[in-house]
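Structure file coords_35.pdb (PDB, C-alpha atoms and all ligand atoms) follows.
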MODEL        1
ATOM      1  CA  MET O   4     -13.064 -13.825 -15.252
ATOM      2  CA  ASN O   5     -11.911 -11.401 -12.563
ATOM      3  CA  LYS O   6     -14.578  -9.047 -11.294
ATOM      4  CA  VAL O   7     -13.196  -5.625 -12.099
ATOM      5  CA  ILE O   8     -14.388  -2.045 -12.493
ATOM      6  CA  PHE O   9     -12.548   1.152 -13.360
ATOM      7  CA  CYS O  10     -13.508   4.332 -11.521
ATOM      8  CA  ARG O  11     -12.544   7.857 -12.390
ATOM      9  CA  SER O  12     -11.283  10.083  -9.599
ATOM     10  CA  THR O  13     -10.260  13.650  -9.438
ATOM     11  CA  TRP O  14      -6.456  14.151  -9.245
ATOM     12  CA  MET O  15      -5.230  14.312  -5.643
ATOM     13  CA  ASP O  16      -2.002  13.385  -3.837
ATOM     14  CA  LYS O  17      -3.315  11.531  -0.821
ATOM     15  CA  TYR O  18      -7.105  11.187  -0.915
ATOM     16  CA  GLU O  19      -7.340  11.645   2.842
ATOM     17  CA  GLY O  20      -9.578  14.728   2.675
ATOM     18  CA  ILE O  21      -9.234  18.236   1.310
ATOM     19  CA  GLU O  22      -5.656  18.967   0.269
ATOM     20  CA  PRO O  23      -3.948  21.974  -1.280
ATOM     21  CA  LEU O  24      -4.492  22.651  -4.941
ATOM     22  CA  THR O  25      -2.098  20.684  -7.134
ATOM     23  CA  THR O  26      -1.187  21.429 -10.714
ATOM     24  CA  GLY O  27      -3.667  18.888 -11.986
ATOM     25  CA  GLY O  28      -6.490  19.441  -9.552
ATOM     26  CA  ARG O  29      -9.489  21.677  -9.806
ATOM     27  CA  HIS O  30     -12.025  19.529  -8.033
ATOM     28  CA  PRO O  31     -12.532  18.998  -5.115
ATOM     29  CA  GLN O  32     -10.420  21.988  -4.107
ATOM     30  CA  THR O  33     -12.659  24.473  -5.869
ATOM     31  CA  ALA O  34     -15.935  22.587  -5.569
ATOM     32  CA  GLY O  35     -15.128  21.993  -1.907
ATOM     33  CA  TRP O  36     -15.591  18.255  -1.985
ATOM     34  CA  ALA O  37     -15.853  15.061  -4.021
ATOM     35  CA  ASN O  38     -16.996  11.583  -3.033
ATOM     36  CA  GLU O  39     -13.550  10.190  -3.753
ATOM     37  CA  MET O  40     -11.637  12.641  -1.588
ATOM     38  CA  PHE O  41     -11.489  10.127   1.301
ATOM     39  CA  ASN O  42     -10.660   7.072  -0.843
ATOM     40  CA  PHE O  43      -7.359   6.397   0.947
ATOM     41  CA  LYS O  44      -8.145   7.694   4.384
ATOM     42  CA  LYS O  45      -7.384   4.955   6.920
ATOM     43  CA  GLU O  46     -10.428   4.421   9.121
ATOM     44  CA  VAL O  47     -10.024   2.974  12.620
ATOM     45  CA  ASP O  48     -11.933  -0.174  11.652
ATOM     46  CA  GLY O  49      -9.105  -1.044   9.239
ATOM     47  CA  CYS O  50     -10.956  -0.205   6.026
ATOM     48  CA  TYR O  51     -10.914   2.276   3.210
ATOM     49  CA  TYR O  52     -14.281   3.713   2.204
ATOM     50  CA  GLY O  53     -14.214   4.866  -1.373
ATOM     51  CA  GLY O  54     -16.625   6.759  -3.516
ATOM     52  CA  VAL O  55     -17.347   6.920  -7.196
ATOM     53  CA  TRP O  56     -20.231   8.989  -8.427
ATOM     54  CA  VAL O  57     -22.164   7.378 -11.261
ATOM     55  CA  MET O  58     -24.489   9.565 -13.276
ATOM     56  CA  PRO O  59     -27.285  10.324 -12.750
ATOM     57  CA  ARG O  60     -28.179   9.063  -9.259
ATOM     58  CA  GLY O  61     -24.973   7.480  -8.059
ATOM     59  CA  HIS O  62     -26.092   3.886  -8.639
ATOM     60  CA  ILE O  63     -23.601   1.237  -9.732
ATOM     61  CA  ASP O  64     -25.005  -1.421 -12.059
ATOM     62  CA  LEU O  65     -23.920  -4.621 -10.289
ATOM     63  CA  LYS O  66     -25.187  -6.811 -13.118
ATOM     64  CA  LYS O  67     -22.483  -5.330 -15.333
ATOM     65  CA  ILE O  68     -19.792  -6.529 -12.890
ATOM     66  CA  ALA O  69     -20.777 -10.166 -12.540
ATOM     67  CA  ASP O  70     -23.622 -12.613 -12.958
ATOM     68  CA  LYS O  71     -26.650 -11.519 -10.940
ATOM     69  CA  ARG O  72     -26.373 -14.695  -8.837
ATOM     70  CA  GLU O  73     -23.272 -13.101  -7.288
ATOM     71  CA  ILE O  74     -25.272 -10.179  -5.917
ATOM     72  CA  LYS O  75     -25.531 -10.317  -2.123
ATOM     73  CA  SER O  76     -27.094  -7.947   0.304
ATOM     74  CA  ASP O  77     -26.527  -6.547   3.800
ATOM     75  CA  ILE O  78     -27.723  -3.654   5.935
ATOM     76  CA  ASN O  79     -26.383  -1.202   3.327
ATOM     77  CA  GLY O  80     -28.151  -2.844   0.413
ATOM     78  CA  GLU O  81     -27.045  -4.930  -2.533
ATOM     79  CA  TYR O  82     -23.382  -5.509  -3.244
ATOM     80  CA  ILE O  83     -20.871  -7.707  -5.031
ATOM     81  CA  ASP O  84     -17.700  -8.673  -3.219
ATOM     82  CA  GLU O  85     -14.153  -9.569  -4.221
ATOM     83  CA  VAL O  86     -14.083  -6.930  -6.927
ATOM     84  CA  LEU O  87     -10.891  -5.286  -8.143
ATOM     85  CA  VAL O  88     -11.527  -1.542  -8.272
ATOM     86  CA  VAL O  89      -9.026   0.318 -10.432
ATOM     87  CA  PHE O  90      -8.892   4.067  -9.859
ATOM     88  CA  VAL O  91      -7.868   6.257 -12.764
ATOM     89  CA  SER O  92      -7.332   9.977 -12.957
ATOM     90  CA  SER O  93      -5.894  12.590 -15.272
ATOM     91  CA  SER O  94      -2.254  13.205 -14.501
ATOM     92  CA  PRO O  95      -0.899  16.675 -15.215
ATOM     93  CA  LEU O  96       2.039  14.992 -16.982
ATOM     94  CA  HIS O  97       0.920  11.664 -18.407
ATOM     95  CA  GLY O  98      -2.734  11.972 -19.317
ATOM     96  CA  GLN O  99      -5.160   9.394 -17.962
ATOM     97  CA  VAL O 100      -3.364   6.918 -15.663
ATOM     98  CA  ILE O 101      -3.935   4.363 -12.905
ATOM     99  CA  ILE O 102      -3.546   6.016  -9.498
ATOM    100  CA  GLY O 103      -4.353   3.110  -7.222
ATOM    101  CA  TYR O 104      -6.693   0.239  -6.563
ATOM    102  CA  TYR O 105      -8.726  -1.769  -4.060
ATOM    103  CA  LYS O 106      -8.428  -5.548  -4.151
ATOM    104  CA  ASN O 107     -11.231  -7.775  -2.814
ATOM    105  CA  ALA O 108     -13.516  -4.769  -2.526
ATOM    106  CA  LYS O 109     -17.196  -4.748  -1.712
ATOM    107  CA  VAL O 110     -19.027  -2.721  -4.332
ATOM    108  CA  TYR O 111     -22.458  -1.453  -3.291
ATOM    109  CA  ALA O 112     -25.202  -0.616  -5.737
ATOM    110  CA  LYS O 113     -26.270   2.564  -3.949
ATOM    111  CA  PRO O 114     -24.168   5.242  -2.264
ATOM    112  CA  ILE O 115     -24.130   4.901   1.521
ATOM    113  CA  ASP O 116     -24.154   7.802   3.902
ATOM    114  CA  ASN O 117     -23.683   6.537   7.431
ATOM    115  CA  ALA O 118     -22.880   9.948   8.872
ATOM    116  CA  ASN O 119     -19.351   8.962   9.824
ATOM    117  CA  PRO O 120     -17.870  12.093  11.436
ATOM    118  CA  THR O 121     -14.503  11.463   9.761
ATOM    119  CA  ARG O 122     -16.236  11.925   6.387
ATOM    120  CA  PHE O 123     -17.882  15.186   7.256
ATOM    121  CA  VAL O 124     -17.370  17.915   4.675
ATOM    122  CA  GLU O 125     -17.592  21.161   6.562
ATOM    123  CA  SER O 126     -17.888  23.523   3.617
ATOM    124  CA  LYS O 127     -20.907  21.617   2.309
ATOM    125  CA  ASN O 128     -22.361  20.530   5.627
ATOM    126  CA  LEU O 129     -22.692  16.947   4.435
ATOM    127  CA  PHE O 130     -21.153  13.508   4.876
ATOM    128  CA  ALA O 131     -19.337  12.199   1.801
ATOM    129  CA  SER O 132     -21.020   8.996   0.706
ATOM    130  CA  TYR O 133     -19.213   5.823  -0.308
ATOM    131  CA  ASN O 134     -19.992   2.725  -2.337
ATOM    132  CA  LEU O 135     -16.630   0.898  -2.345
ATOM    133  CA  VAL O 136     -15.089  -0.753   0.710
ATOM    134  CA  CYS O 137     -11.847  -2.684   1.175
ATOM    135  CA  LYS O 138      -9.421  -3.609   3.920
ATOM    136  CA  ILE O 139      -6.518  -1.167   4.219
ATOM    137  CA  GLU O 140      -4.004  -3.923   3.404
ATOM    138  CA  ASP O 141      -5.920  -4.593   0.179
ATOM    139  CA  GLY O 142      -5.797  -0.998  -0.994
ATOM    140  CA  LEU O 143      -2.855   0.698  -2.641
ATOM    141  CA  LEU O 144      -2.397   4.308  -3.653
ATOM    142  CA  LEU O 145       0.502   4.901  -6.010
ATOM    143  CA  SER O 146       2.914   7.728  -5.271
ATOM    144  CA  VAL O 147       2.459  10.621  -7.698
ATOM    145  CA  ASP O 148       5.716   9.661  -9.457
ATOM    146  CA  ASP O 149       4.504   6.104 -10.000
ATOM    147  CA  ARG O 150       1.281   7.134 -11.702
ATOM    148  CA  THR O 151       2.421   6.455 -15.239
ATOM    149  CA  HIS O 152       0.419   3.454 -16.470
ATOM    150  CA  LYS O 153      -1.770   4.989 -19.153
ATOM    151  CA  ILE O 154      -5.435   4.202 -19.657
ATOM    152  CA  PRO O 155      -6.624   5.385 -23.072
ATOM    153  CA  LYS O 156      -9.496   7.816 -23.211
ATOM    154  CA  GLY O 157     -10.981   6.655 -26.478
ATOM    155  CA  ARG O 158     -13.520   3.979 -27.382
ATOM    156  CA  GLY O 159     -13.325   0.608 -25.651
ATOM    157  CA  SER O 160     -12.006   2.153 -22.461
ATOM    158  CA  ILE O 161     -13.294   4.224 -19.597
ATOM    159  CA  GLY O 162     -13.502   7.194 -21.965
ATOM    160  CA  GLN O 163     -14.952  10.153 -20.100
ATOM    161  CA  LYS O 164     -17.242   8.022 -17.920
ATOM    162  CA  HIS O 165     -17.019   7.884 -14.155
ATOM    163  CA  ILE O 166     -17.240   4.114 -14.096
ATOM    164  CA  TRP O 167     -16.334   1.452 -16.637
ATOM    165  CA  TYR O 168     -17.341  -2.215 -16.569
ATOM    166  CA  PRO O 169     -14.704  -3.828 -18.817
ATOM    167  CA  ASN O 170     -16.156  -7.344 -18.573
ATOM    168  CA  PHE O 171     -19.621  -6.268 -19.595
ATOM    169  CA  TYR O 172     -18.795  -4.699 -22.905
ATOM    170  CA  ASP O 173     -17.396  -7.533 -24.937
ATOM    171  CA  ASN O 174     -14.997  -5.480 -26.903
ATOM    172  CA  ASN O 175     -11.462  -6.303 -27.962
ATOM    173  CA  ASP O 176     -10.028  -2.857 -27.292
ATOM    174  CA  GLY O 177     -11.521  -2.981 -23.807
ATOM    175  CA  ALA O 178     -10.021  -6.390 -23.094
ATOM    176  CA  ALA O 179      -6.569  -5.128 -24.053
ATOM    177  CA  VAL O 180      -6.843  -2.074 -21.799
ATOM    178  CA  ARG O 181      -8.159  -4.223 -18.957
ATOM    179  CA  ASP O 182      -5.512  -6.944 -19.314
ATOM    180  CA  SER O 183      -2.624  -4.534 -19.482
ATOM    181  CA  ALA O 184      -3.948  -2.795 -16.350
ATOM    182  CA  LEU O 185      -4.261  -6.154 -14.556
ATOM    183  CA  GLU O 186      -0.727  -7.091 -15.552
ATOM    184  CA  TYR O 187       0.570  -3.772 -14.275
ATOM    185  CA  ILE O 188      -1.255  -4.189 -10.951
ATOM    186  CA  GLU O 189       0.195  -7.692 -10.569
ATOM    187  CA  ARG O 190       3.685  -6.258 -10.939
ATOM    188  CA  VAL O 191       3.001  -3.536  -8.353
ATOM    189  CA  GLU O 192       1.688  -6.243  -6.007
ATOM    190  CA  ARG O 193       4.799  -8.392  -6.458
ATOM    191  CA  VAL O 194       7.190  -5.521  -5.708
ATOM    192  CA  THR O 195       5.109  -4.427  -2.708
ATOM    193  CA  ASP O 196       4.982  -7.951  -1.238
ATOM    194  CA  ASP O 197       8.712  -8.322  -1.696
ATOM    195  CA  TYR O 198       9.365  -4.984  -0.034
ATOM    196  CA  ASN O 199       6.989  -5.666   2.867
ATOM    197  CA  ASP O 200       8.543  -9.084   3.553
ATOM    198  CA  LEU O 201      12.056  -7.758   3.604
ATOM    199  CA  MET O 202      11.211  -4.610   5.527
ATOM    200  CA  GLN O 203       9.048  -6.409   8.078
ATOM    201  CA  ALA O 204      11.725  -6.579  10.771
ATOM    202  CA  GLU O 205      12.585  -2.913  10.577
ATOM    203  CA  ARG O 206       9.022  -1.673  10.177
ATOM    204  CA  VAL O 207       8.124  -3.165  13.543
ATOM    205  CA  PHE O 208      10.518  -0.724  15.187
ATOM    206  CA  SER O 209      10.178   2.180  12.828
ATOM    207  CA  GLU O 210       8.226   5.118  14.143
ATOM    208  CA  GLY O 211       6.842   6.170  10.822
ATOM    209  CA  ALA O 212       6.105   2.644   9.661
ATOM    210  CA  GLY O 213       3.365   2.385   7.125
ATOM    211  CA  ARG O 214       2.889   6.117   6.889
ATOM    212  CA  GLY O 215       3.379   7.999   3.682
ATOM    213  CA  ILE O 216       3.346   6.503   0.240
ATOM    214  CA  VAL O 217       6.433   4.587  -0.755
ATOM    215  CA  SER O 218       7.196   4.687  -4.456
ATOM    216  CA  ILE O 219       7.675   1.473  -6.416
ATOM    217  CA  GLN O 220      11.207   2.609  -7.204
ATOM    218  CA  THR O 221      11.990   2.993  -3.499
ATOM    219  CA  LYS O 222      10.448  -0.378  -2.731
ATOM    220  CA  GLU O 223      12.536  -2.043  -5.418
ATOM    221  CA  ARG O 224      15.667  -0.231  -4.273
ATOM    222  CA  ASN O 225      15.205  -1.226  -0.624
ATOM    223  CA  ALA O 226      14.321  -4.820  -1.445
ATOM    224  CA  ASN O 227      17.441  -5.061  -3.587
ATOM    225  CA  ALA O 228      19.613  -3.364  -0.938
ATOM    226  CA  ILE O 229      18.532  -5.934   1.650
ATOM    227  CA  LYS O 230      19.246  -8.856  -0.687
ATOM    228  CA  GLU O 231      22.595  -7.269  -1.472
ATOM    229  CA  ALA O 232      23.407  -6.773   2.245
ATOM    230  CA  LYS O 233      22.856 -10.501   2.873
ATOM    231  CA  ARG O 234      25.167 -11.328   0.009
ATOM    232  CA  ILE O 235      27.881  -8.957   1.263
ATOM    233  CA  HIS O 236      27.655  -9.497   5.040
ATOM    234  CA  GLY O 237      26.389 -13.052   5.285
ATOM    235  CA  TYR O 238      23.994 -14.566   7.798
ATOM    236  CA  LYS O 239      25.854 -14.357  11.107
ATOM    237  CA  CYS O 240      24.810 -11.829  13.790
ATOM    238  CA  CYS O 241      27.405  -9.053  13.785
ATOM    239  CA  VAL O 242      26.755  -8.354  17.469
ATOM    240  CA  CYS O 243      26.849 -11.750  19.201
ATOM    241  CA  GLY O 244      27.957 -14.065  16.421
ATOM    242  CA  PHE O 245      24.788 -16.144  16.489
ATOM    243  CA  ASP O 246      24.386 -18.300  13.401
ATOM    244  CA  PHE O 247      20.884 -19.559  12.652
ATOM    245  CA  PHE O 248      22.059 -22.363  10.392
ATOM    246  CA  ASN O 249      24.533 -23.599  12.984
ATOM    247  CA  MET O 250      21.816 -23.725  15.661
ATOM    248  CA  TYR O 251      18.745 -24.815  13.677
ATOM    249  CA  GLY O 252      20.128 -26.537  10.597
ATOM    250  CA  ASP O 253      18.040 -26.282   7.457
ATOM    251  CA  ALA O 254      15.194 -24.594   9.334
ATOM    252  CA  GLY O 255      17.515 -21.664   9.999
ATOM    253  CA  ASN O 256      19.121 -21.579   6.603
ATOM    254  CA  GLN O 257      19.584 -17.997   5.336
ATOM    255  CA  LYS O 258      17.586 -16.632   8.261
ATOM    256  CA  ILE O 259      18.841 -13.260   9.475
ATOM    257  CA  VAL O 260      17.499  -9.795  10.234
ATOM    258  CA  ILE O 261      18.911  -6.917   8.255
ATOM    259  CA  HIS O 262      19.183  -3.877  10.495
ATOM    260  CA  HIS O 263      19.446  -0.296   9.259
ATOM    261  CA  LEU O 264      22.126   1.605  11.158
ATOM    262  CA  ILE O 265      20.183   4.807  10.584
ATOM    263  CA  GLN O 266      16.606   4.724  11.864
ATOM    264  CA  ILE O 267      14.347   4.595   8.837
ATOM    265  CA  ALA O 268      10.986   6.263   8.670
ATOM    266  CA  ASP O 269       9.266   6.006   5.364
ATOM    267  CA  GLY O 270      11.955   4.091   3.554
ATOM    268  CA  GLU O 271      12.662   7.134   1.427
ATOM    269  CA  ARG O 272      16.338   7.189   2.332
ATOM    270  CA  VAL O 273      18.929   5.911  -0.092
ATOM    271  CA  THR O 274      20.499   2.845   1.475
ATOM    272  CA  ASP O 275      24.046   1.648   0.875
ATOM    273  CA  PRO O 276      24.093  -2.081   1.714
ATOM    274  CA  THR O 277      27.842  -2.001   2.458
ATOM    275  CA  THR O 278      27.773   0.761   5.060
ATOM    276  CA  ASP O 279      24.149   1.205   6.200
ATOM    277  CA  LEU O 280      22.962  -2.375   6.676
ATOM    278  CA  VAL O 281      24.192  -5.099   9.027
ATOM    279  CA  PRO O 282      23.034  -8.651   9.794
ATOM    280  CA  VAL O 283      21.791  -9.236  13.349
ATOM    281  CA  CYS O 284      19.882 -11.975  15.173
ATOM    282  CA  ASP O 285      16.361 -11.264  16.429
ATOM    283  CA  ASN O 286      17.502 -10.981  20.067
ATOM    284  CA  CYS O 287      20.227  -8.451  19.433
ATOM    285  CA  HIS O 288      17.882  -6.587  17.115
ATOM    286  CA  ALA O 289      15.286  -6.273  19.856
ATOM    287  CA  ILE O 290      17.915  -4.908  22.266
ATOM    288  CA  ILE O 291      19.291  -2.446  19.693
ATOM    289  CA  HIS O 292      15.833  -0.914  19.377
ATOM    290  CA  LYS O 293      15.113  -1.071  23.116
ATOM    291  CA  LYS O 294      15.853   2.646  23.492
ATOM    292  CA  ARG O 295      15.629   5.770  21.392
ATOM    293  CA  PRO O 296      17.935   6.767  19.894
ATOM    294  CA  MET O 297      18.794   3.138  19.476
ATOM    295  CA  TYR O 298      21.904   1.368  20.780
ATOM    296  CA  THR O 299      24.850   1.180  18.449
ATOM    297  CA  ILE O 300      26.264  -2.206  17.469
ATOM    298  CA  GLU O 301      29.372  -1.418  19.562
ATOM    299  CA  GLU O 302      27.310  -0.607  22.679
ATOM    300  CA  VAL O 303      25.439  -3.921  22.588
ATOM    301  CA  ARG O 304      28.698  -5.800  21.966
ATOM    302  CA  LYS O 305      30.152  -4.105  25.055
ATOM    303  CA  ILE O 306      27.186  -5.137  27.203
ATOM    304  CA  ILE O 307      27.571  -8.750  26.118
ATOM    305  CA  ASN O 308      31.362  -8.763  26.557
ATOM    306  CA  PHE O 309      31.157  -7.174  29.990
ATOM    307  CA  ARG O 310      28.739  -9.849  31.173
ATOM    308  CA  TRP O 311      30.849 -12.675  29.774
ATOM    309  CA  GLU O 312      34.099 -11.351  31.179
ATOM    310  CA  ASN O 313      32.627 -10.832  34.634
ATOM    311  CA  GLY O 314      30.896 -14.200  34.787
ATOM    312  CA  LEU O 315      27.447 -12.591  34.911
ATOM    313  CA  CYS O 316      26.235 -14.530  31.905
ATOM    314  CA  ILE O 317      26.109 -18.244  32.606
ATOM    315  CA  ARG O 318      25.235 -20.709  29.910
ATOM    316  CA  LYS O 319      24.468 -24.316  30.952
TER     317      LYS O 319
HETATM  318 ZN    ZN O 401      22.917 -11.436  18.058
HETATM  319 ZN    ZN O 402      16.845  -2.466  13.298
ENDMDL
END

Can I see the file as structure tokens?
Amino acid sequence: MNKVIFCRSTWMDKYEGIEPLTTGGRHPQTAGWANEMFNFKKEVDGCYYGGVWVMPRGHIDLKKIADKREIKSDINGEYIDEVLVVFVSSSPLHGQVIIGYYKNAKVYAKPIDNANPTRFVESKNLFASYNLVCKIEDGLLLSVDDRTHKIPKGRGSIGQKHIWYPNFYDNNDGAAVRDSALEYIERVERVTDDYNDLMQAERVFSEGAGRGIVSIQTKERNANAIKEAKRIHGYKCCVCGFDFFNMYGDAGNQKIVIHHLIQIADGERVTDPTTDLVPVCDNCHAIIHKKRPMYTIEEVRKIINFRWENGLCIRK
């Protein structure tokens, strides 16, 4: 059985600290703070530090997550690792929904306050504590538009509680809520992996890479556009004519970089695979992005042609 907990959060857009009041939010904007307000703030050590406040003293009951033999301990006290933490919140439009999750998280029994200056809450003169930790690449915050997977409020679910241990309460309703949430998260993971794979080449060069929250719809659209571009334009470099299959045989089969003619930032642009995307080899791609604004396809072709025609480029 997967180790999983559900945690209630206040409704925020980014969870990187205090943000302007949204239609759904009261707390922490009015209260001034909440433990979960930094849940998706990227720390320099490559982790997210999340908080869930459990009544009355903030302690999470680890024995309700997994067998007590799985409880480990470090400088911050007892914890269980490799837990899936599902964050839910009340959407202004859809009721209670999943807003994001941590995979492979460390869940500590007691809240930790290590006086990290990036978690300082000025209005309260305190450091927000945390009890959930995961690597940034294992955390995902859904864009506001994507927060539509409903989590019922009634019996056999998180209800009005701040934390819910779905594996502990052996209850059929609970299992259904849990399993449908897990299925949903699996789908989000699949789309995200697909998108990241296909976007890899361009993200390396993209100034805004990894910043902002990309909606599932955008991820799907971009992943499909790239597949479509390969189908339309083929696998030969449109700058120098290099053909991976010709050079490397099976090892190079269907290998090509899809380059966006317009510099992408957060992938929020609508992409037309016929006009916006072209196939290039890795070398030409590196040259295209060598300067900002980047070289056009025509400019790099000219460089190559000039060198060929003038005997400057000698191939043995
Ligand atoms: Zn090339
Ligand atoms: Zn490119």

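The space between atom CA of Leu65 of chain O and atom CA of Val7 of chain O spans 10.9 Å.
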
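Interatomic distance, atom CA of Arg150 of chain O against atom CA of Met202 of chain O: 23.1 Å.
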
Inset, instruction - Determine the residue membership of the PyMOL selection byres (((chain O and resi 248) around 12) and not hetatm) for the file above and supply it as a list of chain:residue names. - result: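 Given this file, the PyMOL selection byres (((chain O and resi 248) around 12) and not hetatm) evaluates to O:Gly237, O:Tyr238, O:Lys239, O:Cys240, O:Gly244, O:Phe245, O:Asp246, O:Phe247, O:Asn249, O:Met250, O:Tyr251, O:Gly252, O:Asp253, O:Ala254, O:Gly255, O:Asn256, O:Gln257, O:Lys258, O:Ile259, O:Cys284.
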
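Relative to atom CA of Cys10 of chain O, atom CA of Lys113 of chain O is found at 14.9 Å.
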
Do a neighbour search on Lys75 of chain O at 12 Å with all atoms listed in the file, toss out local chain neighbours closer than 3 positions, and write the hits as a PDB file with C-alpha atoms, in the frame of the given file.
ATOM      1  CA  LEU O  65     -23.920  -4.621 -10.289  1.00  0.00           C
ATOM      2  CA  LYS O  66     -25.187  -6.811 -13.118  1.00  0.00           C
ATOM      3  CA  ALA O  69     -20.777 -10.166 -12.540  1.00  0.00           C
ATOM      4  CA  ASP O  70     -23.622 -12.613 -12.958  1.00  0.00           C
ATOM      5  CA  LYS O  71     -26.650 -11.519 -10.940  1.00  0.00           C
ATOM      6  CA  ARG O  72     -26.373 -14.695  -8.837  1.00  0.00           C
ATOM      7  CA  ILE O  78     -27.723  -3.654   5.935  1.00  0.00           C
ATOM      8  CA  ASN O  79     -26.383  -1.202   3.327  1.00  0.00           C
ATOM      9  CA  GLY O  80     -28.151  -2.844   0.413  1.00  0.00           C
ATOM     10  CA  GLU O  81     -27.045  -4.930  -2.533  1.00  0.00           C
ATOM     11  CA  TYR O  82     -23.382  -5.509  -3.244  1.00  0.00           C
ATOM     12  CA  ILE O  83     -20.871  -7.707  -5.031  1.00  0.00           C
ATOM     13  CA  ASP O  84     -17.700  -8.673  -3.219  1.00  0.00           C
ATOM     14  CA  GLU O  85     -14.153  -9.569  -4.221  1.00  0.00           C
ATOM     15  CA  LYS O 109     -17.196  -4.748  -1.712  1.00  0.00           C
ATOM     16  CA  VAL O 110     -19.027  -2.721  -4.332  1.00  0.00           C
ATOM     17  CA  TYR O 111     -22.458  -1.453  -3.291  1.00  0.00           C
ATOM     18  CA  ALA O 112     -25.202  -0.616  -5.737  1.00  0.00           C
TER      19      ALA O 112
END
